[in-house]
>>> print(open('input_7.txt').read())   # compact mmCIF, C-alpha atoms
# COMPACT_ATOMS: atom_id res chain seq x y z
CA MET W 1 34.45 113.91 64.91
CA THR W 2 32.34 110.74 64.97
CA ALA W 3 31.38 108.91 61.79
CA SER W 4 27.78 110.09 62.11
CA LEU W 5 28.83 113.72 62.53
CA ARG W 6 31.17 113.44 59.54
CA TRP W 7 28.29 112.02 57.47
CA MET W 8 25.97 114.88 58.52
CA ALA W 9 28.63 117.49 57.72
CA ALA W 10 29.21 115.98 54.29
CA ALA W 11 25.48 115.86 53.60
CA CYS W 12 25.10 119.52 54.59
CA ALA W 13 28.02 120.50 52.37
CA LEU W 14 26.51 118.65 49.43
CA ALA W 15 23.15 120.30 50.02
CA LEU W 16 24.71 123.76 50.17
CA ALA W 17 26.70 123.11 47.00
CA ALA W 18 23.58 121.95 45.21
CA CYS W 19 21.71 125.08 46.26
CA ALA W 20 24.57 127.33 45.18
CA SER W 21 24.80 125.71 41.74
CA THR W 22 21.06 125.80 40.97
CA PRO W 23 20.21 129.05 39.18
CA GLN W 24 17.19 130.79 40.63
CA GLY W 25 14.88 132.42 38.13
CA PRO W 26 13.08 135.68 38.80
CA THR W 27 9.89 135.80 40.84
CA ILE W 28 6.85 136.32 38.62
CA SER W 29 4.84 139.30 39.82
CA THR W 30 1.14 138.87 40.55
CA ALA W 31 0.40 142.24 38.92
CA THR W 32 -2.33 142.04 36.29
CA THR W 33 -2.19 145.60 34.91
CA PRO W 34 0.67 147.83 33.74
CA GLU W 35 -0.16 150.29 36.50
CA ALA W 36 0.11 147.61 39.20
CA ALA W 37 3.44 146.48 37.74
CA GLY W 38 4.81 150.02 37.54
CA LEU W 39 5.03 149.82 33.74
CA VAL W 40 4.81 153.05 31.74
CA ASP W 41 3.82 153.47 28.08
CA ILE W 42 6.79 155.19 26.45
CA ARG W 43 4.40 157.33 24.40
CA ALA W 44 3.19 158.91 27.62
CA LEU W 45 6.68 160.46 27.75
CA VAL W 46 7.50 160.80 24.03
CA PRO W 47 4.18 160.80 22.11
CA ASP W 48 5.73 160.57 18.64
CA ILE W 49 8.50 158.04 19.30
CA ASP W 50 8.82 155.59 16.38
CA LEU W 51 7.35 152.15 17.12
CA ASP W 52 7.72 149.00 15.01
CA MET W 53 6.64 146.46 17.61
CA ARG W 54 7.40 143.24 15.80
CA TYR W 55 5.78 140.68 18.11
CA ALA W 56 2.40 142.41 17.90
CA GLY W 57 2.22 141.28 14.25
CA ALA W 58 3.54 138.56 11.97
CA ASN W 59 6.79 140.31 10.97
CA ASN W 60 9.03 138.35 13.36
CA PHE W 61 10.95 135.10 13.53
CA THR W 62 7.90 133.08 14.61
CA GLY W 63 5.90 134.27 11.60
CA ALA W 64 2.86 135.14 13.74
CA ARG W 65 1.65 137.51 16.42
CA VAL W 66 3.08 136.35 19.72
CA GLU W 67 0.91 135.55 22.73
CA GLY W 68 0.81 138.45 25.17
CA TYR W 69 1.13 141.12 22.48
CA ASP W 70 -2.43 142.32 21.91
CA ALA W 71 -1.34 145.85 20.96
CA ALA W 72 1.71 147.49 19.40
CA ARG W 73 2.79 149.37 22.52
CA CYS W 74 6.09 149.79 24.37
CA PHE W 75 5.94 149.48 28.15
CA LEU W 76 8.94 149.84 30.48
CA LEU W 77 9.42 150.37 34.19
CA ARG W 78 9.45 154.12 34.83
CA PRO W 79 13.23 154.51 35.37
CA ALA W 80 13.91 152.75 32.06
CA ALA W 81 11.19 154.69 30.25
CA GLU W 82 12.50 158.03 31.53
CA ALA W 83 16.09 157.11 30.61
CA LEU W 84 14.98 156.10 27.10
CA ALA W 85 13.07 159.35 26.67
CA ARG W 86 16.24 161.29 27.54
CA VAL W 87 18.20 159.34 24.91
CA GLU W 88 15.55 160.01 22.25
CA LEU W 89 15.43 163.74 22.96
CA ALA W 90 19.23 164.06 22.97
CA LEU W 91 19.49 162.25 19.63
CA ARG W 92 16.99 164.60 18.01
CA GLU W 93 19.47 167.42 18.43
CA GLU W 94 21.70 165.47 16.00
CA HIS W 95 18.82 164.79 13.53
CA LEU W 96 18.62 161.19 14.77
CA ARG W 97 15.77 159.21 16.27
CA LEU W 98 15.15 155.76 17.73
CA ARG W 99 12.91 153.04 16.32
CA LEU W 100 11.69 150.54 18.92
CA PHE W 101 11.17 146.87 18.08
CA ASP W 102 10.42 145.41 21.52
CA CYS W 103 10.31 146.62 25.12
CA TYR W 104 8.71 144.86 28.10
CA ARG W 105 7.91 141.26 27.13
CA PRO W 106 5.33 139.19 29.04
CA VAL W 107 6.52 135.87 30.50
CA ARG W 108 3.93 134.06 28.39
CA ALA W 109 5.57 135.44 25.23
CA VAL W 110 8.94 134.06 26.30
CA GLN W 111 7.32 130.67 26.88
CA ARG W 112 5.84 130.88 23.37
CA PHE W 113 9.31 131.47 21.91
CA VAL W 114 10.58 128.31 23.62
CA GLN W 115 7.61 126.32 22.31
CA TRP W 116 8.30 127.62 18.82
CA ALA W 117 11.96 126.55 19.02
CA HIS W 118 10.91 123.01 20.01
CA ALA W 119 8.32 122.73 17.24
CA PRO W 120 9.15 121.07 13.89
CA GLU W 121 10.79 123.28 11.29
CA ASP W 122 8.43 124.55 8.59
CA GLY W 123 10.97 126.81 6.84
CA THR W 124 8.69 129.85 6.84
CA THR W 125 11.09 132.28 8.51
CA LYS W 126 14.40 130.43 8.45
CA ALA W 127 15.98 132.26 5.50
CA ALA W 128 15.14 135.67 6.92
CA TYR W 129 16.07 135.13 10.57
CA TYR W 130 18.25 132.05 11.20
CA PRO W 131 19.72 130.76 7.91
CA THR W 132 22.77 129.12 9.50
CA PHE W 133 21.06 127.48 12.51
CA ASP W 134 18.59 124.70 13.13
CA LYS W 135 15.79 125.81 15.47
CA PRO W 136 16.91 123.76 18.52
CA ALA W 137 20.36 125.39 18.33
CA LEU W 138 18.74 128.76 19.02
CA LEU W 139 17.85 127.67 22.55
CA GLY W 140 20.30 129.16 25.03
CA ASP W 141 22.15 132.15 23.64
CA TYR W 142 19.26 133.40 21.50
CA ILE W 143 16.06 131.97 23.00
CA ALA W 144 16.15 131.41 26.76
CA PRO W 145 13.44 130.19 29.16
CA THR W 146 13.64 133.53 30.97
CA SER W 147 14.24 136.96 29.44
CA GLY W 148 15.47 140.27 30.75
CA HIS W 149 12.70 141.87 28.71
CA SER W 150 10.18 140.45 31.19
CA ARG W 151 11.81 142.46 33.98
CA GLY W 152 10.74 145.70 32.30
CA ALA W 153 14.08 147.41 31.67
CA THR W 154 15.33 145.78 28.46
CA LEU W 155 14.47 146.80 24.92
CA ASP W 156 15.40 146.27 21.27
CA LEU W 157 15.82 149.19 18.90
CA THR W 158 17.71 150.81 16.05
CA LEU W 159 18.78 154.27 14.96
CA LEU W 160 17.14 156.49 12.32
CA GLN W 161 18.82 159.27 10.34
CA CYS W 162 16.40 162.16 9.75
CA ASP W 163 16.25 165.38 7.81
CA ALA W 164 16.58 168.78 9.46
CA HIS W 165 12.88 168.75 10.36
CA LEU W 166 13.03 165.24 11.90
CA ALA W 167 10.36 164.26 9.39
CA ALA W 168 11.93 162.06 6.71
CA CYS W 169 13.79 159.35 8.65
CA GLU W 170 15.48 156.18 7.43
CA PRO W 171 17.12 153.38 9.43
CA LEU W 172 20.90 153.37 9.46
CA ASP W 173 22.57 150.30 7.93
CA MET W 174 23.37 147.97 10.81
CA GLY W 175 24.29 144.99 8.65
CA THR W 176 21.39 142.76 9.70
CA THR W 177 17.70 143.02 10.43
CA PHE W 178 16.37 142.91 14.00
CA ASP W 179 16.37 139.38 15.48
CA PHE W 180 18.81 138.01 12.90
CA PHE W 181 20.27 134.97 14.68
CA ASP W 182 23.85 134.83 13.48
CA THR W 183 27.29 136.04 14.60
CA LEU W 184 26.97 138.79 11.98
CA ALA W 185 24.56 140.43 14.45
CA ASN W 186 27.22 140.60 17.18
CA THR W 187 27.82 144.27 17.91
CA ASP W 188 31.51 144.06 16.99
CA SER W 189 31.25 141.29 14.40
CA PRO W 190 34.25 141.32 12.06
CA LYS W 191 31.86 140.21 9.30
CA ALA W 192 30.12 143.60 9.40
CA THR W 193 31.57 146.44 7.34
CA ASP W 194 33.37 149.33 8.97
CA ALA W 195 30.40 151.59 8.26
CA GLN W 196 27.94 149.11 9.78
CA ARG W 197 30.03 148.75 12.94
CA GLU W 198 30.30 152.54 13.14
CA ASN W 199 26.51 152.78 13.03
CA ARG W 200 26.18 150.11 15.72
CA HIS W 201 28.68 151.95 17.89
CA ARG W 202 26.78 155.17 17.35
CA LEU W 203 23.66 153.52 18.72
CA ARG W 204 25.59 151.86 21.56
CA ASP W 205 27.27 155.12 22.56
CA ALA W 206 23.95 156.98 22.66
CA MET W 207 22.34 154.26 24.77
CA GLU W 208 25.33 153.94 27.11
CA TYR W 209 25.24 157.69 27.65
CA GLY W 210 21.63 157.20 28.77
CA GLY W 211 22.58 154.44 31.22
CA PHE W 212 21.89 151.34 29.10
CA ARG W 213 24.31 148.46 28.48
CA ASN W 214 24.47 146.49 25.24
CA TYR W 215 24.22 142.69 24.90
CA PRO W 216 27.26 142.03 22.68
CA MET W 217 25.63 139.21 20.71
CA GLU W 218 22.86 141.53 19.46
CA TRP W 219 23.55 145.08 18.32
CA TRP W 220 19.90 146.06 18.99
CA HIS W 221 19.57 144.79 22.59
CA PHE W 222 19.99 147.10 25.63
CA THR W 223 19.26 146.95 29.37
CA LEU W 224 19.15 149.78 31.89
CA ASP W 225 22.11 149.44 34.25
CA PRO W 226 21.42 148.89 37.10
CA GLU W 227 18.05 147.26 36.54
CA PRO W 228 15.23 148.69 38.67
CA SER W 229 13.75 145.26 39.44
CA PRO W 230 16.27 142.53 38.62
CA GLY W 231 14.56 139.77 40.61
CA VAL W 232 11.00 140.24 39.34
CA ALA W 233 9.45 139.28 35.99
CA TYR W 234 6.02 140.37 34.81
CA ASP W 235 3.30 138.62 32.83
CA VAL W 236 0.90 141.49 32.16
CA PRO W 237 -0.49 141.24 28.61
CA ILE W 238 0.23 144.23 26.37
CA ARG W 239 -3.11 145.81 25.48
>>> encode(input="input_7.txt", output="structure tokens")
Amino acid sequence: MTASLRWMAAACALALAACASTPQGPTISTATTPEAAGLVDIRALVPDIDLDMRYAGANNFTGARVEGYDAARCFLLRPAAEALARVELALREEHLRLRLFDCYRPVRAVQRFVQWAHAPEDGTTKAAYYPTFDKPALLGDYIAPTSGHSRGATLDLTLLQCDAHLAACEPLDMGTTFDFFDTLANTDSPKATDAQRENRHRLRDAMEYGGFRNYPMEWWHFTLDPEPSPGVAYDVPIR
């Protein structure tokens, strides 16, 4: 092999290595409506499912309504919505129900989270949501520039214990609130009590039975497995 050919081969190898090591984010869909994106309102399948959509109001770690959340609604791609509906209906036979905190998340909301993490600390929500971290340390494991939620098959939720009529329902003790950024929120955290881990496992088992996998750092976080659209993110506002 001549020197010039060896140089070209090396350059090609370096280029291929660079391409292989550069993570490719999802393609952002051009859809502008839930219907065009294939997103389904979960209440079209389970009209009385319990919703506590945190980013549509101020009760979240940013302390304000998040851009993209103009209504307290849960949208998911149809396969995820139908799987979640099956989980909810199966749990009701055991006098249990789900409470949903977040479902599909617009790309613009994820970008707002990143902006919030880079902004100066004002202390408003630190004690409630991230007492052991400084905001920049949340970037990565907790707040990422892309989110599975934007792909329409990931959601955050907890489990409710109800009476025999499924009327009076209270959240089970999971050891932390939703979006508590700390290792205590890890599904199998040794800092949680046995009863709290049992409740987390009860939720995980119900969701796994429905085809969802848990994110081990957050007891509340689940994704349909396999994802219906793993390479596409959506930026349709929730209205």
>>> residues_around(input="input_7.txt", residues="segment 200-206 of chain W", least_positions_apart="3", cutoff="9 Å", atoms="all atoms listed in the file", output="list in words")
Val87, Glu88, Ala90, Leu91, Leu98, Leu157, Thr158, Leu159, Leu172, Asp173, Met174, Gly175, Thr187, Asp188, Ala195, Gln196, Arg197, Tyr209, Gly210, Phe212, Arg213, Asn214, Trp219, Trp220 and Phe222 of chain W
>>> residues_around(input="input_7.txt", residues="Met217 of chain W", least_positions_apart="5", cutoff="10 Å", atoms="all atoms listed in the file", output="MDAnalysis selection string")
chainID W and resid 141:142 181:189
>>> closest_residue(input="input_7.txt", among="W:Ala109, W:Val114, W:Leu138, W:Ala44", to="Leu76 of chain W", atoms="all atoms listed in the file")
W:Ala44
>>> closest_residue(input="input_7.txt", among="W:Ala81, W:Ala192, W:Ala72, W:Ala168", to="Val40 of chain W", atoms="all atoms listed in the file")
W:Ala81
>>> closest_residue(input="input_7.txt", among="W:Asn199, W:Ser229, W:Gln161, W:Thr132", to="Leu96 of chain W", atoms="only C-alpha atoms")
W:Gln161
>>> closest_residue(input="input_7.txt", among="W:Ala167, W:Leu77, W:Leu160, W:Met207", to="Pro34 of chain W", atoms="all atoms listed in the file")
W:Leu77
>>> residues_around(input="input_7.txt", residues="Leu139 of chain W", least_positions_apart="4", cutoff="12 Å", atoms="all atoms listed in the file", output="number ranges by chain")
W: 110-111, 113-119, 133-135, 143-146, 181
>>> write_last_selection(input="input_7.txt", atoms="C-alpha atoms", output="PDB file, in the coordinates of the input")
ATOM      1  CA  VAL W 110       8.940 134.060  26.300  1.00  0.00           C
ATOM      2  CA  GLN W 111       7.320 130.670  26.880  1.00  0.00           C
ATOM      3  CA  PHE W 113       9.310 131.470  21.910  1.00  0.00           C
ATOM      4  CA  VAL W 114      10.580 128.310  23.620  1.00  0.00           C
ATOM      5  CA  GLN W 115       7.610 126.320  22.310  1.00  0.00           C
ATOM      6  CA  TRP W 116       8.300 127.620  18.820  1.00  0.00           C
ATOM      7  CA  ALA W 117      11.960 126.550  19.020  1.00  0.00           C
ATOM      8  CA  HIS W 118      10.910 123.010  20.010  1.00  0.00           C
ATOM      9  CA  ALA W 119       8.320 122.730  17.240  1.00  0.00           C
ATOM     10  CA  PHE W 133      21.060 127.480  12.510  1.00  0.00           C
ATOM     11  CA  ASP W 134      18.590 124.700  13.130  1.00  0.00           C
ATOM     12  CA  LYS W 135      15.790 125.810  15.470  1.00  0.00           C
ATOM     13  CA  ILE W 143      16.060 131.970  23.000  1.00  0.00           C
ATOM     14  CA  ALA W 144      16.150 131.410  26.760  1.00  0.00           C
ATOM     15  CA  PRO W 145      13.440 130.190  29.160  1.00  0.00           C
ATOM     16  CA  THR W 146      13.640 133.530  30.970  1.00  0.00           C
ATOM     17  CA  PHE W 181      20.270 134.970  14.680  1.00  0.00           C
TER      18      PHE W 181
END
>>> closest_residue(input="input_7.txt", among="W:Arg73, W:Arg151, W:Arg108, W:Arg54", to="Ala37 of chain W", atoms="only C-alpha atoms")
W:Arg151
>>> atom_distance(input="input_7.txt", atom1="atom CA of Phe75 of chain W", atom2="atom CA of Ser147 of chain W")
15.1 Å
>>> axis_aligned_box(input="input_7.txt", around="segment 100-118 of chain W", padding_each_side="6 Å", output="JSON")
{"center_x": 7.9, "center_y": 136.8, "center_z": 24.3, "size_x": 20.0, "size_y": 39.5, "size_z": 24.4}
>>> atom_distance(input="input_7.txt", atom1="atom CA of Asp225 of chain W", atom2="atom CA of Arg78 of chain W")
13.5 Å
>>> residues_near_point(input="input_7.txt", point="(0.1, 144.3, 21.6)", cutoff="9 Å", atoms="only C-alpha atoms", output="PyMOL selection string")
chain W and resi 53+55-57+65-74+237-239
>>> atom_distance(input="input_7.txt", atom1="atom CA of Asp41 of chain W", atom2="atom CA of Gly152 of chain W")
11.2 Å
